[in-house]
Amino acid sequence: MSALSRASAQYSEKIDTEGLLGDPKPMWRQAISRLLAIRSGQIGLVIILILLFIAAFADVISPYNPQQVLIGVEQVKKRDAPCVHFLGCDTAKPQHIMGIDGNVRDEYSRVLHGTRVSLTIGLTTVSAALLFGVFFGAVSGYFGGWIDMIIMRLMDVILGFPSLLLAIAIVAVLGPGIQNALLAISIVTLPQYARVTRASVLSVKELDFVAASKVMGASHRHILFFRVLPNAMTPIVVLATLGIATAILDAAGLSFLGLGAQPPMPEWGTMLGSERNQIFSAPHLVFFPGIAIMITVLGFNLLGDGLRDALDPRLNHS
Amino acid sequence: MNAAAPILTVKDLSTWFDTRAGTAKAVDGVSFELHAGETLCVVGESGCGKSITALSIMGLIPRPGRIVNGQILFKELDLLALKEREFAKVRGNRISMIFQDPSSALNPVHTVGDQIAEVFTLHMGLSSAEAHKSALGVMKAVGIPDPETRMKAYPHEMSGGMAQRIMIAMALACEPEVLIADEPTTALDVTIQAQILELMRDLQDRFETATILITHDLGIVAEMADRVAVMYAGQVVEFADVVTLFDNPQHPYTRALMRSIPTIGAEQEMLEVIEGRVPPLTNLPKGCRFAPRCAERKETPDPRCETEAPELIDIAAAHSCRCWLRTGQ
């Protein structure tokens, strides 16, 4: 076969398979594989997976019940310093790697259980804020006009207050407690989601495929929730991931002020708050919950960063 | 001419846009009839109101546009009087549309199979499984190789020609009576253009669909059209069947368009161009809208050209023209 005919045979083969790129890969799988190629995404994902593992198996991993007062059970005093056998602590003493708290409980077990509380707080507040924020933002952006006006002005009012201050005000009205704190945080973060969704929907709704959907005779509801929104999700996913970090931080702040989780619930903010006067005499009781908050927030921020890079097609993925 | 009742009648349609610079008369008094099985080509340069005419028929005028006058009858149905919900039943089902750029007219987050199947679930109330089966059928009909695999592909995994075939499959899924194609081949390269046009003609023969083909390519007009409407600055300036239009163009604008086509084999230093630009739609000339650019007016001047707007007048059987120089005598 001559080179020319071989080339032309190859060429015609190409025409037959025009547009064929092998097995189509679902979009989300492509996004995940891009995420795994980004350093901050990798680190964030590892941190969050570890935290999820701890939260799921807190009962198994922690050596003590987080609520159990150890007076009379072991020879320990309140606010005892950490004792790690491996680091040269007397093996005759019971091991408490993060020490004993002000109510003679094992600090390590409490920090581990705190993971569960914090992740729950982060996920529930963000889901609630996301659900309503995305709905309001999408309706607002898609329909525009007076609907847009009313919703967005309402959101502007909420955004007008510093978020933590408004959350404190809401809790002050509803009464302190973990549920009211969650509600307050959901309310104050909701406008962010509404705004981002609205902006995203505004740009997507002008695209040709939306007009094409209308031409196909699809209803507004169908177009908005099944055609427009999936295309507008990218910035929302990123914001929600970063939002989990903020929500955890805000919840810890409220608890620190005594407005969120109430003792004896093992919540990091509450733990910090109740031992804040002993920062010099028993620094471990402030240090470990503080570090836990920091690592969690860092994990979600890194993941959010990675997601932004992975989902943004304008950035170059080399 | 076709004596049967037209499928689609557009009467004196005017669509205006209220802008800060004034009212833009994007479509100003356009009338035509469309009969079953025929292809009406709408030609004209960018911004002459071709696409807005199509969108008016579909009821998809973007803000701040509004239809200020006229009537659009689909058989006996007055489309402009329909409520949004009733209109949705007609769209995609009995009147359908193909867009210019297939890669942006397909939703990037859904597989093409899902998108075609959606039309069936929307209008025929089929279950998802049945709809996908029907989708497979139309994909075969529009000549997509290996449709079983391609169904699960996303739009970005397809070439422009394939994507346009998908769009055509979606538009023809419910066997509509009227198909509006808004420059369906502009975004495609020439060999694919020919394939797509071939496909459209083939499907039109099979389904007896009446087609409005919007284009600025006179080659496509010659290839596809039964009748042609030439538009300029929101108005139809000449209306004729395709043979008459090419053999005996009357309006100076149509003649200028014909002269500006490059001819293979002809020794030409420069292509002929039409001097000037389309007048801004917010500030149209008082007389004939083409007068400022009209070359023939210089040879045989007529005082009415600049002062009075000409009407679209029959100059022969099934041939009408909007020009003082042709109708004034």
# chains A, B, ... in the order shown; residues from 1 in each chain; ligands from 1
>>> residues_around(residues="range 244-261 of chain A", least_positions_apart="5", cutoff="8 Å", atoms="only C-alpha atoms", output="ChimeraX atom specification")
/A:118-119,121-123,125-126,164,168,171-172,175-182,185,267-274,293,296-298,300-301
>>> interface_residues(of="chain B", to="chain A", cutoff="6 Å", atoms="only C-alpha atoms", output="JSON, numbers by chain")
{"B": [88, 91, 92, 104, 105, 106, 107, 153, 158, 159]}
>>> residues_around(residues="Asp305 in chain A", least_positions_apart="4", cutoff="7 Å", atoms="only C-alpha atoms", output="VMD selection string")
chain A and resid 40 to 41 301 309
>>> residues_around(residues="range 42-49 of chain B", least_positions_apart="4", cutoff="7 Å", atoms="only C-alpha atoms", output="list in words")
Ala26, Val27, Thr53, Leu213, Ile214, Thr215, His216, Val228, Ala229, Val230, Met231, Tyr232, Ala233 and Gly234 of chain B
>>> select_by_dssp(residues="range 26-186 of chain A", states="alpha helix (DSSP H)", output="PyMOL selection string")
chain A and resi 27-35+39-56+58-61+107-143+145-160+163-174+178-186
>>> atom_distance(atom1="CA of Ala138 in chain A", atom2="CA of Thr197 in chain A")
5.8 Å
>>> residues_around(residues="Ile57 in chain B", least_positions_apart="5", cutoff="9 Å", atoms="only C-alpha atoms", output="number ranges by chain")
B: 10, 52, 72, 79-80
>>> atom_distance(atom1="CA of Val138 in chain B", atom2="CA of Ala173 in chain B")
6.5 Å
>>> decode(residues="range 76-220 of chain A", atoms="C-alpha atoms", output="mmCIF file, in the first residue's frame")
data_model
loop_
_atom_site.group_PDB
_atom_site.id
_atom_site.type_symbol
_atom_site.label_atom_id
_atom_site.label_comp_id
_atom_site.auth_asym_id
_atom_site.auth_seq_id
_atom_site.Cartn_x
_atom_site.Cartn_y
_atom_site.Cartn_z
ATOM 1 C CA VAL A 76 -5.775 12.505 88.627
ATOM 2 C CA LYS A 77 -6.308 16.099 89.656
ATOM 3 C CA LYS A 78 -8.204 18.747 87.726
ATOM 4 C CA ARG A 79 -6.196 20.513 85.000
ATOM 5 C CA ASP A 80 -3.389 17.957 85.178
ATOM 6 C CA ALA A 81 -0.759 18.453 82.468
ATOM 7 C CA PRO A 82 -0.630 15.967 79.584
ATOM 8 C CA CYS A 83 1.006 12.631 80.426
ATOM 9 C CA VAL A 84 2.337 10.620 77.509
ATOM 10 C CA HIS A 85 4.161 7.399 78.424
ATOM 11 C CA PHE A 86 6.078 7.442 75.183
ATOM 12 C CA LEU A 87 7.539 10.870 75.982
ATOM 13 C CA GLY A 88 8.841 9.831 79.392
ATOM 14 C CA CYS A 89 5.830 10.282 81.645
ATOM 15 C CA ASP A 90 5.786 7.876 84.620
ATOM 16 C CA THR A 91 4.132 4.657 83.417
ATOM 17 C CA ALA A 92 2.531 4.230 86.813
ATOM 18 C CA LYS A 93 0.326 7.238 86.061
ATOM 19 C CA PRO A 94 -2.664 6.837 83.694
ATOM 20 C CA GLN A 95 -2.017 8.183 80.219
ATOM 21 C CA HIS A 96 -3.854 11.388 79.194
ATOM 22 C CA ILE A 97 -2.152 12.696 76.098
ATOM 23 C CA MET A 98 -3.914 16.070 76.204
ATOM 24 C CA GLY A 99 -4.196 16.296 79.950
ATOM 25 C CA ILE A 100 -7.208 16.659 82.246
ATOM 26 C CA ASP A 101 -9.740 19.475 81.998
ATOM 27 C CA GLY A 102 -11.227 21.678 84.710
ATOM 28 C CA ASN A 103 -13.939 19.137 85.495
ATOM 29 C CA VAL A 104 -11.480 16.222 85.671
ATOM 30 C CA ARG A 105 -12.374 14.727 82.274
ATOM 31 C CA ASP A 106 -10.000 13.376 79.630
ATOM 32 C CA GLU A 107 -9.243 16.293 77.308
ATOM 33 C CA TYR A 108 -8.190 14.030 74.412
ATOM 34 C CA SER A 109 -11.538 12.226 74.325
ATOM 35 C CA ARG A 110 -13.342 15.531 74.437
ATOM 36 C CA VAL A 111 -11.340 16.993 71.563
ATOM 37 C CA LEU A 112 -12.033 13.862 69.484
ATOM 38 C CA HIS A 113 -15.754 14.058 70.156
ATOM 39 C CA GLY A 114 -15.608 17.772 69.409
ATOM 40 C CA THR A 115 -14.789 16.852 65.805
ATOM 41 C CA ARG A 116 -18.163 15.223 65.505
ATOM 42 C CA VAL A 117 -19.951 18.273 66.875
ATOM 43 C CA SER A 118 -18.023 20.734 64.716
ATOM 44 C CA LEU A 119 -18.451 18.820 61.466
ATOM 45 C CA THR A 120 -22.150 18.421 62.165
ATOM 46 C CA ILE A 121 -22.432 22.146 62.796
ATOM 47 C CA GLY A 122 -20.530 22.980 59.621
ATOM 48 C CA LEU A 123 -22.523 20.661 57.398
ATOM 49 C CA THR A 124 -25.988 21.407 58.781
ATOM 50 C CA THR A 125 -25.661 25.188 58.780
ATOM 51 C CA VAL A 126 -24.175 25.240 55.305
ATOM 52 C CA SER A 127 -26.799 22.839 53.926
ATOM 53 C CA ALA A 128 -29.601 24.936 55.334
ATOM 54 C CA ALA A 129 -28.096 28.216 54.138
ATOM 55 C CA LEU A 130 -27.316 26.619 50.778
ATOM 56 C CA LEU A 131 -30.806 25.244 50.270
ATOM 57 C CA PHE A 132 -32.592 28.527 50.906
ATOM 58 C CA GLY A 133 -29.838 30.794 49.610
ATOM 59 C CA VAL A 134 -29.576 28.984 46.295
ATOM 60 C CA PHE A 135 -33.342 28.879 45.913
ATOM 61 C CA PHE A 136 -33.805 32.590 46.581
ATOM 62 C CA GLY A 137 -30.786 33.568 44.501
ATOM 63 C CA ALA A 138 -31.843 31.402 41.573
ATOM 64 C CA VAL A 139 -35.424 32.677 41.537
ATOM 65 C CA SER A 140 -34.156 36.210 41.937
ATOM 66 C CA GLY A 141 -31.660 36.002 39.113
ATOM 67 C CA TYR A 142 -33.860 34.070 36.722
ATOM 68 C CA PHE A 143 -37.070 36.046 36.956
ATOM 69 C CA GLY A 144 -35.601 39.458 37.749
ATOM 70 C CA GLY A 145 -37.948 42.424 38.065
ATOM 71 C CA TRP A 146 -39.773 43.018 41.323
ATOM 72 C CA ILE A 147 -39.123 39.483 42.645
ATOM 73 C CA ASP A 148 -35.415 40.162 42.304
ATOM 74 C CA MET A 149 -35.840 43.560 43.916
ATOM 75 C CA ILE A 150 -37.633 42.240 47.002
ATOM 76 C CA ILE A 151 -35.373 39.244 47.597
ATOM 77 C CA MET A 152 -32.111 41.050 47.057
ATOM 78 C CA ARG A 153 -33.047 44.042 49.223
ATOM 79 C CA LEU A 154 -33.947 41.599 51.984
ATOM 80 C CA MET A 155 -30.541 39.970 51.594
ATOM 81 C CA ASP A 156 -28.889 43.388 51.634
ATOM 82 C CA VAL A 157 -30.513 44.098 54.980
ATOM 83 C CA ILE A 158 -29.031 40.917 56.440
ATOM 84 C CA LEU A 159 -25.648 41.675 54.883
ATOM 85 C CA GLY A 160 -25.785 45.165 56.353
ATOM 86 C CA PHE A 161 -24.958 43.780 59.801
ATOM 87 C CA PRO A 162 -21.597 42.267 60.730
ATOM 88 C CA SER A 163 -22.399 38.563 60.569
ATOM 89 C CA LEU A 164 -21.251 37.490 64.021
ATOM 90 C CA LEU A 165 -22.984 40.467 65.637
ATOM 91 C CA LEU A 166 -26.257 39.607 63.912
ATOM 92 C CA ALA A 167 -25.840 35.970 64.920
ATOM 93 C CA ILE A 168 -25.346 37.076 68.541
ATOM 94 C CA ALA A 169 -28.473 39.219 68.301
ATOM 95 C CA ILE A 170 -30.515 36.349 66.889
ATOM 96 C CA VAL A 171 -29.308 33.967 69.616
ATOM 97 C CA ALA A 172 -29.984 36.639 72.228
ATOM 98 C CA VAL A 173 -33.583 36.794 71.055
ATOM 99 C CA LEU A 174 -34.097 33.039 70.676
ATOM 100 C CA GLY A 175 -32.081 32.048 73.739
ATOM 101 C CA PRO A 176 -28.671 30.363 73.914
ATOM 102 C CA GLY A 177 -28.293 26.781 72.764
ATOM 103 C CA ILE A 178 -26.748 24.817 69.941
ATOM 104 C CA GLN A 179 -29.900 24.704 67.798
ATOM 105 C CA ASN A 180 -30.490 28.430 67.943
ATOM 106 C CA ALA A 181 -26.823 29.064 67.202
ATOM 107 C CA LEU A 182 -27.065 26.877 64.089
ATOM 108 C CA LEU A 183 -30.193 28.704 62.978
ATOM 109 C CA ALA A 184 -28.525 32.073 63.542
ATOM 110 C CA ILE A 185 -25.446 31.112 61.527
ATOM 111 C CA SER A 186 -27.601 29.763 58.706
ATOM 112 C CA ILE A 187 -29.516 33.016 58.539
ATOM 113 C CA VAL A 188 -26.478 35.279 58.518
ATOM 114 C CA THR A 189 -24.622 33.274 55.842
ATOM 115 C CA LEU A 190 -27.663 32.798 53.600
ATOM 116 C CA PRO A 191 -27.266 36.092 51.663
ATOM 117 C CA GLN A 192 -23.804 35.086 50.421
ATOM 118 C CA TYR A 193 -25.218 32.030 48.711
ATOM 119 C CA ALA A 194 -28.161 33.973 47.368
ATOM 120 C CA ARG A 195 -25.903 36.612 45.858
ATOM 121 C CA VAL A 196 -23.426 34.231 44.293
ATOM 122 C CA THR A 197 -26.233 32.066 42.890
ATOM 123 C CA ARG A 198 -27.997 35.102 41.482
ATOM 124 C CA ALA A 199 -24.863 36.380 39.778
ATOM 125 C CA SER A 200 -24.144 32.956 38.366
ATOM 126 C CA VAL A 201 -27.704 32.423 37.157
ATOM 127 C CA LEU A 202 -27.735 35.874 35.561
ATOM 128 C CA SER A 203 -24.795 34.983 33.363
ATOM 129 C CA VAL A 204 -25.957 31.458 32.537
ATOM 130 C CA LYS A 205 -29.535 32.397 31.631
ATOM 131 C CA GLU A 206 -28.341 34.500 28.708
ATOM 132 C CA LEU A 207 -26.663 31.522 27.028
ATOM 133 C CA ASP A 208 -28.047 29.968 23.873
ATOM 134 C CA PHE A 209 -28.973 26.635 25.388
ATOM 135 C CA VAL A 210 -31.455 28.332 27.700
ATOM 136 C CA ALA A 211 -33.182 29.853 24.679
ATOM 137 C CA ALA A 212 -32.959 26.431 23.027
ATOM 138 C CA SER A 213 -34.668 24.871 26.040
ATOM 139 C CA LYS A 214 -37.444 27.448 25.800
ATOM 140 C CA VAL A 215 -37.796 26.643 22.135
ATOM 141 C CA MET A 216 -38.199 22.988 23.092
ATOM 142 C CA GLY A 217 -41.147 24.094 25.178
ATOM 143 C CA ALA A 218 -39.693 23.509 28.632
ATOM 144 C CA SER A 219 -41.348 25.288 31.569
ATOM 145 C CA HIS A 220 -39.625 28.028 33.552
#
